[in-house]
>>> print(open('run.cif').read())   # mmCIF, C-alpha atoms and all ligand atoms
data_work
loop_
_atom_site.label_atom_id
_atom_site.label_comp_id
_atom_site.auth_asym_id
_atom_site.auth_seq_id
_atom_site.Cartn_x
_atom_site.Cartn_y
_atom_site.Cartn_z
CA MET A 23 15.91 102.41 -36.72
CA ASN A 24 16.44 99.22 -34.74
CA ARG A 25 14.10 96.23 -34.93
CA ASN A 26 11.88 97.24 -32.01
CA HIS A 27 11.54 100.80 -33.20
CA ARG A 28 10.62 99.51 -36.63
CA ARG A 29 7.92 97.29 -35.08
CA ASP A 30 6.53 100.28 -33.13
CA PHE A 31 6.50 102.34 -36.27
CA PHE A 32 4.56 99.70 -38.17
CA ALA A 33 2.19 99.12 -35.25
CA ARG A 34 1.32 102.83 -35.27
CA LEU A 35 0.76 102.77 -39.00
CA ALA A 36 -1.43 99.67 -38.73
CA ALA A 37 -3.44 101.31 -35.97
CA ALA A 38 -3.96 104.30 -38.25
CA GLY A 39 -5.62 101.99 -40.73
CA ALA A 40 -2.76 101.36 -43.10
CA ALA A 41 -2.82 97.88 -44.59
CA LEU A 42 0.74 97.03 -43.71
CA SER A 43 2.38 93.85 -42.54
CA LEU A 44 5.84 93.04 -41.27
CA ALA A 45 5.98 89.97 -43.45
CA PRO A 46 6.96 91.17 -46.90
CA ALA A 47 5.16 88.26 -48.60
CA ARG A 48 1.87 89.38 -47.04
CA ALA A 49 2.42 93.13 -47.34
CA GLN A 50 -0.26 93.50 -49.98
CA GLN A 51 -2.94 91.71 -47.99
CA ALA A 52 -5.71 93.76 -46.39
CA PRO A 53 -7.48 94.40 -44.11
CA ARG A 54 -5.76 94.01 -40.75
CA THR A 55 -8.76 93.16 -38.62
CA PRO A 56 -7.84 90.81 -35.76
CA ALA A 57 -8.27 87.11 -36.54
CA PRO A 58 -11.31 85.59 -34.83
CA PHE A 59 -10.51 83.52 -31.76
CA ASP A 60 -11.17 79.88 -32.58
CA THR A 61 -11.52 77.12 -29.96
CA PRO A 62 -12.08 73.94 -32.01
CA ASP A 63 -14.91 71.76 -30.64
CA LEU A 64 -16.09 74.45 -28.20
CA PRO A 65 -19.00 76.90 -28.54
CA LYS A 66 -18.92 80.63 -27.91
CA LEU A 67 -21.21 82.48 -25.51
CA LEU A 68 -22.40 85.60 -27.30
CA PRO A 69 -23.30 88.72 -25.31
CA ARG A 70 -26.21 91.14 -25.60
CA ILE A 71 -25.50 94.84 -25.43
CA VAL A 72 -27.66 96.36 -22.69
CA ASP A 73 -27.18 100.12 -22.18
CA GLY A 74 -23.62 99.84 -23.45
CA VAL A 75 -22.80 96.86 -21.21
CA LYS A 76 -21.85 93.45 -22.66
CA GLU A 77 -24.20 91.07 -20.88
CA PHE A 78 -23.62 87.30 -20.78
CA ASN A 79 -25.85 84.55 -19.35
CA LEU A 80 -23.63 81.89 -17.83
CA ILE A 81 -25.15 78.71 -16.38
CA ALA A 82 -23.31 76.12 -14.27
CA GLU A 83 -24.89 72.72 -14.87
CA PRO A 84 -24.34 68.98 -15.21
CA VAL A 85 -23.15 68.15 -18.73
CA ARG A 86 -23.20 64.83 -20.52
CA THR A 87 -20.49 64.68 -23.15
CA ASP A 88 -18.24 62.31 -25.14
CA PHE A 89 -14.43 62.50 -25.16
CA ILE A 90 -14.44 60.24 -28.23
CA PRO A 91 -17.44 58.47 -29.76
CA GLY A 92 -18.46 55.82 -27.22
CA ARG A 93 -16.63 57.35 -24.24
CA ARG A 94 -19.60 58.88 -22.46
CA VAL A 95 -18.83 61.21 -19.55
CA ASP A 96 -21.09 62.86 -16.98
CA GLY A 97 -19.26 65.94 -15.76
CA TRP A 98 -20.12 69.48 -14.80
CA GLY A 99 -19.64 72.50 -17.02
CA PHE A 100 -21.29 75.66 -18.27
CA ASN A 101 -24.12 76.14 -20.76
CA GLY A 102 -24.06 72.52 -21.88
CA SER A 103 -20.35 72.39 -22.56
CA ILE A 104 -17.16 70.98 -20.97
CA PRO A 105 -15.06 73.09 -20.91
CA GLY A 106 -17.51 75.99 -20.79
CA PRO A 107 -18.16 78.22 -23.80
CA THR A 108 -15.68 80.94 -24.74
CA LEU A 109 -16.49 84.52 -23.74
CA GLU A 110 -14.90 87.41 -25.63
CA ALA A 111 -14.75 91.14 -24.98
CA SER A 112 -12.37 94.03 -25.51
CA GLU A 113 -10.17 96.06 -23.24
CA GLY A 114 -12.25 98.92 -21.84
CA ASP A 115 -15.58 97.07 -22.09
CA ARG A 116 -18.02 97.00 -19.21
CA VAL A 117 -19.28 93.42 -18.81
CA ARG A 118 -22.11 91.89 -16.81
CA VAL A 119 -22.35 88.15 -16.29
CA ILE A 120 -25.71 86.93 -15.04
CA PHE A 121 -24.73 83.66 -13.45
CA ASP A 122 -27.23 80.90 -12.61
CA ASN A 123 -26.36 77.83 -10.58
CA HIS A 124 -28.16 74.73 -11.87
CA LEU A 125 -25.89 72.38 -9.95
CA PRO A 126 -27.11 70.43 -6.91
CA GLU A 127 -24.51 72.16 -4.71
CA MET A 128 -23.19 75.65 -4.11
CA THR A 129 -20.67 77.23 -6.42
CA ALA A 130 -19.39 80.58 -7.76
CA VAL A 131 -17.35 81.84 -10.70
CA HIS A 132 -13.79 83.08 -10.29
CA TRP A 133 -12.45 85.39 -13.01
CA HIS A 134 -8.90 84.11 -13.26
CA GLY A 135 -6.39 86.91 -13.69
CA PHE A 136 -8.97 89.70 -13.89
CA GLU A 137 -8.31 92.90 -12.01
CA VAL A 138 -11.80 93.31 -10.57
CA PRO A 139 -13.23 94.50 -7.23
CA MET A 140 -12.86 91.75 -4.61
CA GLN A 141 -16.64 91.34 -4.36
CA MET A 142 -16.62 90.35 -8.06
CA ASP A 143 -13.66 87.97 -7.80
CA GLY A 144 -15.65 84.81 -7.15
CA SER A 145 -13.51 83.78 -4.19
CA VAL A 146 -16.21 82.22 -2.06
CA GLY A 147 -16.18 83.17 1.59
CA LEU A 148 -13.60 85.91 1.20
CA GLY A 149 -15.31 88.01 -1.44
CA GLN A 150 -18.86 86.72 -1.73
CA ASP A 151 -21.26 84.12 -0.38
CA PRO A 152 -21.55 80.87 -2.32
CA VAL A 153 -24.27 80.82 -4.97
CA LEU A 154 -26.71 78.17 -3.72
CA PRO A 155 -28.40 75.58 -5.97
CA GLY A 156 -31.02 77.41 -8.01
CA GLY A 157 -29.44 80.73 -7.07
CA ARG A 158 -28.24 83.65 -9.17
CA PHE A 159 -25.36 86.11 -8.80
CA VAL A 160 -24.64 89.04 -11.09
CA TYR A 161 -20.99 89.84 -11.73
CA GLU A 162 -20.22 93.22 -13.23
CA PHE A 163 -16.88 94.88 -13.90
CA THR A 164 -14.88 96.96 -16.36
CA LEU A 165 -12.02 95.33 -18.27
CA ASN A 166 -8.90 97.42 -17.70
CA GLN A 167 -6.54 94.85 -19.25
CA HIS A 168 -6.26 92.43 -22.17
CA GLY A 169 -5.12 88.85 -22.41
CA SER A 170 -5.83 85.14 -22.42
CA LEU A 171 -7.96 85.10 -19.29
CA PHE A 172 -10.38 82.46 -18.09
CA TYR A 173 -13.14 81.62 -15.64
CA HIS A 174 -13.62 78.64 -13.37
CA SER A 175 -15.36 77.41 -10.26
CA HIS A 176 -13.16 78.02 -7.23
CA PHE A 177 -14.23 74.73 -5.65
CA PRO A 178 -11.38 72.30 -6.45
CA MET A 179 -13.46 69.17 -7.01
CA GLN A 180 -15.79 71.15 -9.28
CA GLU A 181 -12.71 72.18 -11.29
CA MET A 182 -11.94 68.49 -11.72
CA MET A 183 -15.53 67.89 -12.88
CA GLY A 184 -14.83 70.22 -15.80
CA MET A 185 -15.76 73.76 -14.72
CA VAL A 186 -13.46 76.08 -16.67
CA GLY A 187 -13.68 78.18 -19.84
CA TYR A 188 -11.85 80.90 -21.79
CA PHE A 189 -12.59 84.62 -21.42
CA ILE A 190 -10.48 86.36 -24.05
CA VAL A 191 -10.03 90.10 -23.67
CA HIS A 192 -8.81 91.61 -26.95
CA PRO A 193 -6.36 94.53 -26.75
CA LYS A 194 -7.41 98.05 -27.77
CA THR A 195 -4.50 98.14 -30.18
CA PRO A 196 -3.91 94.82 -31.98
CA HIS A 197 -0.58 93.18 -31.30
CA ALA A 198 2.12 93.26 -33.94
CA PRO A 199 2.93 91.30 -35.95
CA HIS A 200 -0.58 90.57 -37.15
CA VAL A 201 -1.70 86.92 -36.88
CA ASP A 202 -4.03 85.30 -39.40
CA ARG A 203 -5.18 82.56 -37.01
CA ASP A 204 -5.83 82.69 -33.28
CA PHE A 205 -6.57 79.30 -31.71
CA GLY A 206 -7.32 78.29 -28.14
CA ILE A 207 -6.91 74.98 -26.34
CA VAL A 208 -8.10 74.06 -22.82
CA MET A 209 -6.34 71.09 -21.22
CA GLN A 210 -8.07 68.86 -18.68
CA GLU A 211 -7.38 65.46 -17.17
CA TRP A 212 -9.73 62.84 -15.88
CA SER A 213 -9.81 59.58 -14.01
CA ILE A 214 -12.74 57.50 -15.23
CA LEU A 215 -12.81 53.78 -14.72
CA PRO A 216 -14.10 51.48 -17.47
CA ASN A 217 -17.92 51.19 -17.38
CA ASN A 218 -18.17 54.41 -15.36
CA THR A 219 -19.21 57.81 -16.68
CA VAL A 220 -18.47 59.98 -13.63
CA PRO A 221 -14.92 61.28 -13.12
CA ASN A 222 -13.22 60.35 -9.85
CA THR A 223 -12.19 63.83 -8.77
CA MET A 224 -9.97 62.56 -5.94
CA ALA A 225 -7.83 60.26 -8.10
CA MET A 226 -4.27 61.18 -9.03
CA GLU A 227 -3.94 58.65 -11.86
CA PHE A 228 -5.50 60.06 -14.97
CA ASN A 229 -6.55 57.84 -17.84
CA TRP A 230 -8.33 60.40 -20.03
CA LEU A 231 -6.62 63.57 -21.21
CA THR A 232 -8.50 66.17 -23.22
CA PHE A 233 -8.02 69.21 -25.45
CA ASN A 234 -11.24 71.25 -25.53
CA GLY A 235 -13.18 68.32 -24.10
CA ARG A 236 -12.05 65.78 -26.70
CA SER A 237 -9.29 63.19 -26.85
CA GLY A 238 -7.32 62.22 -29.94
CA PRO A 239 -8.30 61.28 -32.61
CA ASP A 240 -11.55 63.18 -31.98
CA CYS A 241 -9.88 66.59 -31.49
CA THR A 242 -10.81 68.67 -34.53
CA PRO A 243 -7.57 69.88 -36.12
CA MET A 244 -6.56 73.53 -36.47
CA LEU A 245 -6.59 74.44 -40.17
CA VAL A 246 -4.08 76.89 -41.58
CA ARG A 247 -3.23 78.04 -45.07
CA GLN A 248 0.48 77.84 -45.85
CA GLY A 249 2.23 81.15 -45.17
CA GLU A 250 -0.16 82.36 -42.50
CA ARG A 251 0.99 83.53 -39.10
CA VAL A 252 -0.57 81.50 -36.31
CA ARG A 253 -1.21 82.09 -32.61
CA VAL A 254 -2.13 79.24 -30.27
CA ARG A 255 -3.15 79.90 -26.66
CA ILE A 256 -2.90 76.90 -24.35
CA LEU A 257 -4.69 76.85 -20.97
CA ASN A 258 -4.14 74.31 -18.22
CA LEU A 259 -6.56 73.61 -15.37
CA GLY A 260 -5.89 70.19 -13.87
CA MET A 261 -3.47 68.41 -11.54
CA ASP A 262 -0.41 68.13 -13.83
CA HIS A 263 1.79 70.52 -15.78
CA HIS A 264 1.79 69.69 -19.47
CA PRO A 265 4.76 70.15 -21.84
CA ILE A 266 3.07 70.90 -25.16
CA HIS A 267 5.10 69.99 -28.20
CA MET A 268 4.50 70.99 -31.80
CA HIS A 269 5.90 69.20 -34.81
CA GLY A 270 7.19 70.84 -37.97
CA HIS A 271 7.85 74.40 -36.76
CA GLN A 272 9.62 76.32 -34.03
CA PHE A 273 7.55 78.88 -32.19
CA SER A 274 8.03 81.87 -29.90
CA VAL A 275 6.31 82.19 -26.55
CA THR A 276 4.63 85.59 -26.92
CA GLY A 277 2.30 85.73 -23.95
CA THR A 278 1.23 84.29 -20.62
CA GLU A 279 -2.00 84.35 -18.63
CA GLY A 280 -0.75 87.76 -17.41
CA GLY A 281 -0.53 89.35 -20.84
CA ARG A 282 1.79 90.02 -23.76
CA ILE A 283 5.54 89.40 -23.47
CA PRO A 284 7.67 92.20 -24.99
CA GLU A 285 9.20 90.98 -28.24
CA ALA A 286 12.74 91.46 -26.95
CA SER A 287 12.01 88.65 -24.46
CA TRP A 288 10.64 86.12 -26.95
CA PHE A 289 12.66 82.94 -27.31
CA PRO A 290 12.40 79.97 -29.65
CA GLU A 291 10.99 76.63 -28.52
CA ASN A 292 9.05 73.72 -29.86
CA THR A 293 7.85 72.48 -26.45
CA VAL A 294 6.28 74.82 -23.93
CA LEU A 295 5.53 73.82 -20.35
CA VAL A 296 2.07 75.00 -19.31
CA GLY A 297 1.65 74.84 -15.55
CA VAL A 298 -1.64 74.52 -13.71
CA GLY A 299 -3.49 77.83 -13.71
CA GLN A 300 -1.35 79.14 -16.56
CA VAL A 301 -1.85 80.06 -20.20
CA ARG A 302 1.01 80.08 -22.66
CA THR A 303 0.60 81.81 -26.00
CA VAL A 304 2.85 80.78 -28.87
CA GLU A 305 3.19 82.21 -32.37
CA PHE A 306 4.86 81.05 -35.56
CA ASP A 307 4.86 81.46 -39.32
CA ALA A 308 3.29 78.34 -40.86
CA THR A 309 5.77 77.87 -43.67
CA HIS A 310 5.96 74.07 -43.83
CA ILE A 311 3.10 72.16 -45.41
CA GLY A 312 2.08 69.14 -43.37
CA ASP A 313 -0.25 67.60 -40.80
CA TRP A 314 1.71 68.47 -37.69
CA MET A 315 1.01 66.90 -34.32
CA VAL A 316 0.43 69.18 -31.32
CA HIS A 317 0.48 67.17 -28.10
CA CYS A 318 1.42 66.89 -24.46
CA HIS A 319 4.78 65.15 -24.31
CA LEU A 320 4.16 63.23 -21.07
CA PRO A 321 3.99 59.65 -22.38
CA HIS A 322 0.93 58.79 -20.27
CA HIS A 323 -0.87 61.80 -21.67
CA MET A 324 -0.66 60.40 -25.20
CA MET A 325 -3.02 57.53 -24.46
CA ASN A 326 -6.71 56.85 -23.97
CA GLN A 327 -8.46 54.60 -21.46
CA MET A 328 -5.30 53.64 -19.60
CA ILE A 329 -5.62 50.78 -17.17
CA SER A 330 -2.86 48.80 -15.50
CA MET A 331 -1.71 45.74 -17.41
CA VAL A 332 -2.64 42.49 -15.74
CA GLY A 333 -2.26 40.27 -18.80
CA PRO A 334 0.70 38.77 -20.59
CA VAL A 335 2.95 41.77 -20.11
CA ALA A 336 3.04 41.18 -16.37
CA ARG A 337 4.22 37.55 -16.70
CA GLU A 338 7.73 36.29 -17.07
CA SER A 339 7.22 33.78 -19.85
CA MET A 340 4.25 32.75 -21.89
CA HIS A 341 3.42 30.17 -24.47
CA ALA A 342 2.81 31.68 -27.85
CA GLU A 343 -0.86 30.70 -27.88
CA HIS A 344 -1.47 32.89 -24.84
CA THR A 345 0.37 35.96 -26.06
CA THR A 346 -1.55 37.08 -29.08
CA GLY A 347 -2.96 39.90 -26.96
CA PRO A 348 -6.24 41.69 -27.28
CA VAL A 349 -7.43 42.98 -30.62
CA GLY A 350 -5.56 46.10 -31.54
CA PHE A 351 -2.08 45.23 -30.36
CA TYR A 352 0.38 45.25 -33.18
CA PRO A 353 0.32 41.71 -34.59
CA VAL A 354 3.46 39.63 -34.17
CA ASP A 355 3.58 36.59 -36.44
CA ASP A 356 6.70 34.98 -35.04
CA PRO A 357 5.84 32.99 -31.85
CA ALA A 358 9.37 33.53 -30.51
CA LYS A 359 8.91 37.28 -30.69
CA ARG A 360 5.66 37.01 -28.80
CA THR A 361 7.57 35.70 -25.78
CA VAL A 362 9.71 38.82 -25.50
CA LEU A 363 9.46 40.12 -21.93
CA GLY A 364 7.37 43.24 -21.73
CA TYR A 365 5.28 42.42 -24.79
CA PRO A 366 2.78 43.88 -25.53
CA GLN A 367 3.22 47.61 -24.99
CA ASP A 368 1.66 50.11 -27.35
CA MET A 369 -1.71 49.99 -29.02
CA TRP A 370 -2.27 50.35 -32.72
CA MET A 371 -5.89 50.73 -33.73
CA THR A 372 -6.86 52.68 -36.81
CA MET A 373 -10.41 54.02 -36.92
CA ASP A 374 -10.27 56.54 -39.77
CA ALA A 375 -13.89 55.97 -40.85
CA MET A 376 -15.13 56.90 -37.37
CA TYR A 377 -13.52 60.34 -37.66
CA ASP A 378 -14.55 61.21 -41.18
CA LYS A 379 -14.99 64.99 -40.56
CA PRO A 380 -14.38 67.60 -43.28
CA GLU A 381 -11.42 68.92 -41.26
CA ASN A 382 -9.76 65.49 -41.52
CA PHE A 383 -10.11 65.26 -45.30
CA GLY A 384 -6.94 64.25 -47.13
CA LEU A 385 -5.12 62.81 -44.10
CA ARG A 386 -2.94 59.79 -44.70
CA LYS A 387 -4.70 56.42 -44.43
CA GLY A 388 -4.27 55.02 -40.91
CA TRP A 389 -3.78 58.46 -39.34
CA THR A 390 -6.01 57.65 -36.37
CA GLY A 391 -3.66 54.91 -35.12
CA GLY A 392 -1.20 57.35 -33.56
CA MET A 393 -3.59 59.99 -32.25
CA MET A 394 -4.59 59.57 -28.62
CA GLY A 395 -4.95 61.59 -25.43
CA MET A 396 -3.90 65.23 -25.44
CA MET A 397 -3.15 65.26 -29.12
CA THR A 398 -4.39 67.27 -32.05
CA MET A 399 -2.96 68.66 -35.28
CA ILE A 400 -2.14 71.91 -36.97
CA ARG A 401 -2.72 71.20 -40.65
CA VAL A 402 -0.64 73.61 -42.73
CA LEU A 403 -2.37 73.20 -46.07
CA PRO A 404 -1.60 74.17 -49.65
CA PRO A 405 -4.22 76.70 -50.84
CA ASP A 406 -6.15 74.24 -53.05
CA LEU A 407 -6.56 71.65 -50.28
CA TYR A 408 -7.43 74.39 -47.79
CA ASP A 409 -10.21 75.66 -50.09
CA GLN A 410 -11.45 72.12 -50.72
CA ILE A 411 -11.79 71.47 -46.97
CA GLN A 412 -13.60 74.78 -46.43
CA ALA A 413 -16.06 73.79 -49.18
CA ARG A 414 -16.64 70.43 -47.49
CA LYS A 415 -17.22 72.16 -44.15
CA LYS A 416 -19.82 74.42 -45.73
CA ALA A 417 -21.54 71.47 -47.42
CA ALA A 418 -21.64 69.56 -44.12
CA VAL A 419 -23.47 72.34 -42.24
CU CU A 501 0.30 66.22 -20.12
#
>>> encode(input="run.cif", output="structure tokens")
Amino acid sequence: MNRNHRRDFFARLAAAGAALSLAPARAQQAPRTPAPFDTPDLPKLLPRIVDGVKEFNLIAEPVRTDFIPGRRVDGWGFNGSIPGPTLEASEGDRVRVIFDNHLPEMTAVHWHGFEVPMQMDGSVGLGQDPVLPGGRFVYEFTLNQHGSLFYHSHFPMQEMMGMVGYFIVHPKTPHAPHVDRDFGIVMQEWSILPNNTVPNTMAMEFNWLTFNGRSGPDCTPMLVRQGERVRVRILNLGMDHHPIHMHGHQFSVTGTEGGRIPEASWFPENTVLVGVGQVRTVEFDATHIGDWMVHCHLPHHMMNQMISMVGPVARESMHAEHTTGPVGFYPVDDPAKRTVLGYPQDMWMTMDAMYDKPENFGLRKGWTGGMMGMMTMIRVLPPDLYDQIQARKKAAV
């Protein structure tokens, strides 16, 4: 029995209800229900069942949000959220989305990657008329596929105002090996000048980069108990392709926006390039305890509130008294060092108290200093700390 045959064999057994796992250490654990899909910092849109159809109410509307405390943004999203709430259904389901347009201009919803009748595709002009302000359109289709799918406005500037969200379609037969955690991240980029709240959708220089509508250090970390198997799905809808890097573990790319990759084609990486319009799904066994960064590796995407330097850094030589730099630059005591060309460069501001969430409990003092832009964490926790954080989360509700 080769490796793939063995996997098939176990998949069949698991489907038959046997509490089996490919990981020997977890073989005794039951049951094998799929892990819930978790998009930190984003809500879910729950359906009603109407005559056997999963019915969702989706509303396009202006949304006021904060990327970090104090960075107010007026964008457009769905049901009060940027990105929009996560929809979930299963392969074979019939779904109906009652869509209302509360924007001041026309729009529609495109179901990205869905194999649906053209009239349901949300491609305005070609497949349907635009949904006018105050208007309603009812989308209805049967899900004949599974995967990390998503929805978005098909008007490009509306995409850059924030209009995208996950629509996860779970497979009829769960994938093997079983994962204990299933996380989702939506990546977006924004150009918002200081003292403005409205994104400049035409700009090509982005100074705010977000995971699930937040920038580091405000991205709520993904919490994992040591030994668990983890899936992370990463969606990109912006103007740049983002190489997403994870510290502490190697992972396999196990899926794309088009579906599951056969295991024989998996390959190891620790940085996966997620192009615009794509989803990349990665999986790994969380064996190493630690607070591991997950971030875009483009240097400019690891920063907040970027503006061009017009101060000391742009000048050839400066007297020491003029080069102390704004608050937050790493302090240099030696006046001679302050005259080094190029100084200052990187920011160092720690704001741990501002991000005192249960999920951040136990992080090293000063952790906020290095977390900016498209940056979050996977915290692989020892069982006692994991339980302690869960208790704090419960107490905080
Ligand atoms: Cu990036």
>>> closest_residue(input="run.cif", among="A:Val275, A:Ala417, A:Leu231, A:Ala130", to="ligand CU 501 (chain A)", atoms="all atoms listed in the file")
A:Leu231
>>> residues_around(input="run.cif", residues="Met328 in chain A", least_positions_apart="5", cutoff="9 Å", atoms="only C-alpha atoms", output="short mmCIF file (atom, residue, chain, number, x, y, z; two decimals) with C-alpha atoms, keeping the file's coordinate frame")
data_model
loop_
_atom_site.label_atom_id
_atom_site.label_comp_id
_atom_site.auth_asym_id
_atom_site.auth_seq_id
_atom_site.Cartn_x
_atom_site.Cartn_y
_atom_site.Cartn_z
CA LEU A 215 -12.81 53.78 -14.72
CA PHE A 228 -5.50 60.06 -14.97
CA ASN A 229 -6.55 57.84 -17.84
CA TRP A 230 -8.33 60.40 -20.03
CA HIS A 322 0.93 58.79 -20.27
#
>>> atom_distance(input="run.cif", atom1="CA of Asn258 in chain A", atom2="CA of Phe383 in chain A")
29.2 Å
>>> residues_around(input="run.cif", residues="range 395-399 of chain A", least_positions_apart="3", cutoff="6 Å", atoms="only C-alpha atoms", output="ChimeraX atom specification")
/A:231-233,237-238,241,243,314-318,323-326
>>> residues_around(input="run.cif", residues="His132 in chain A", least_positions_apart="3", cutoff="7 Å", atoms="only C-alpha atoms", output="number ranges by chain")
A: 143-145, 173-176
>>> closest_residue(input="run.cif", among="A:His200, A:Lys387, A:His134, A:Arg118", to="Tyr161 in chain A", atoms="only C-alpha atoms")
A:Arg118
>>> atom_distance(input="run.cif", atom1="CA of His267 in chain A", atom2="atom CU of ligand CU 501 (chain A)")
10.1 Å
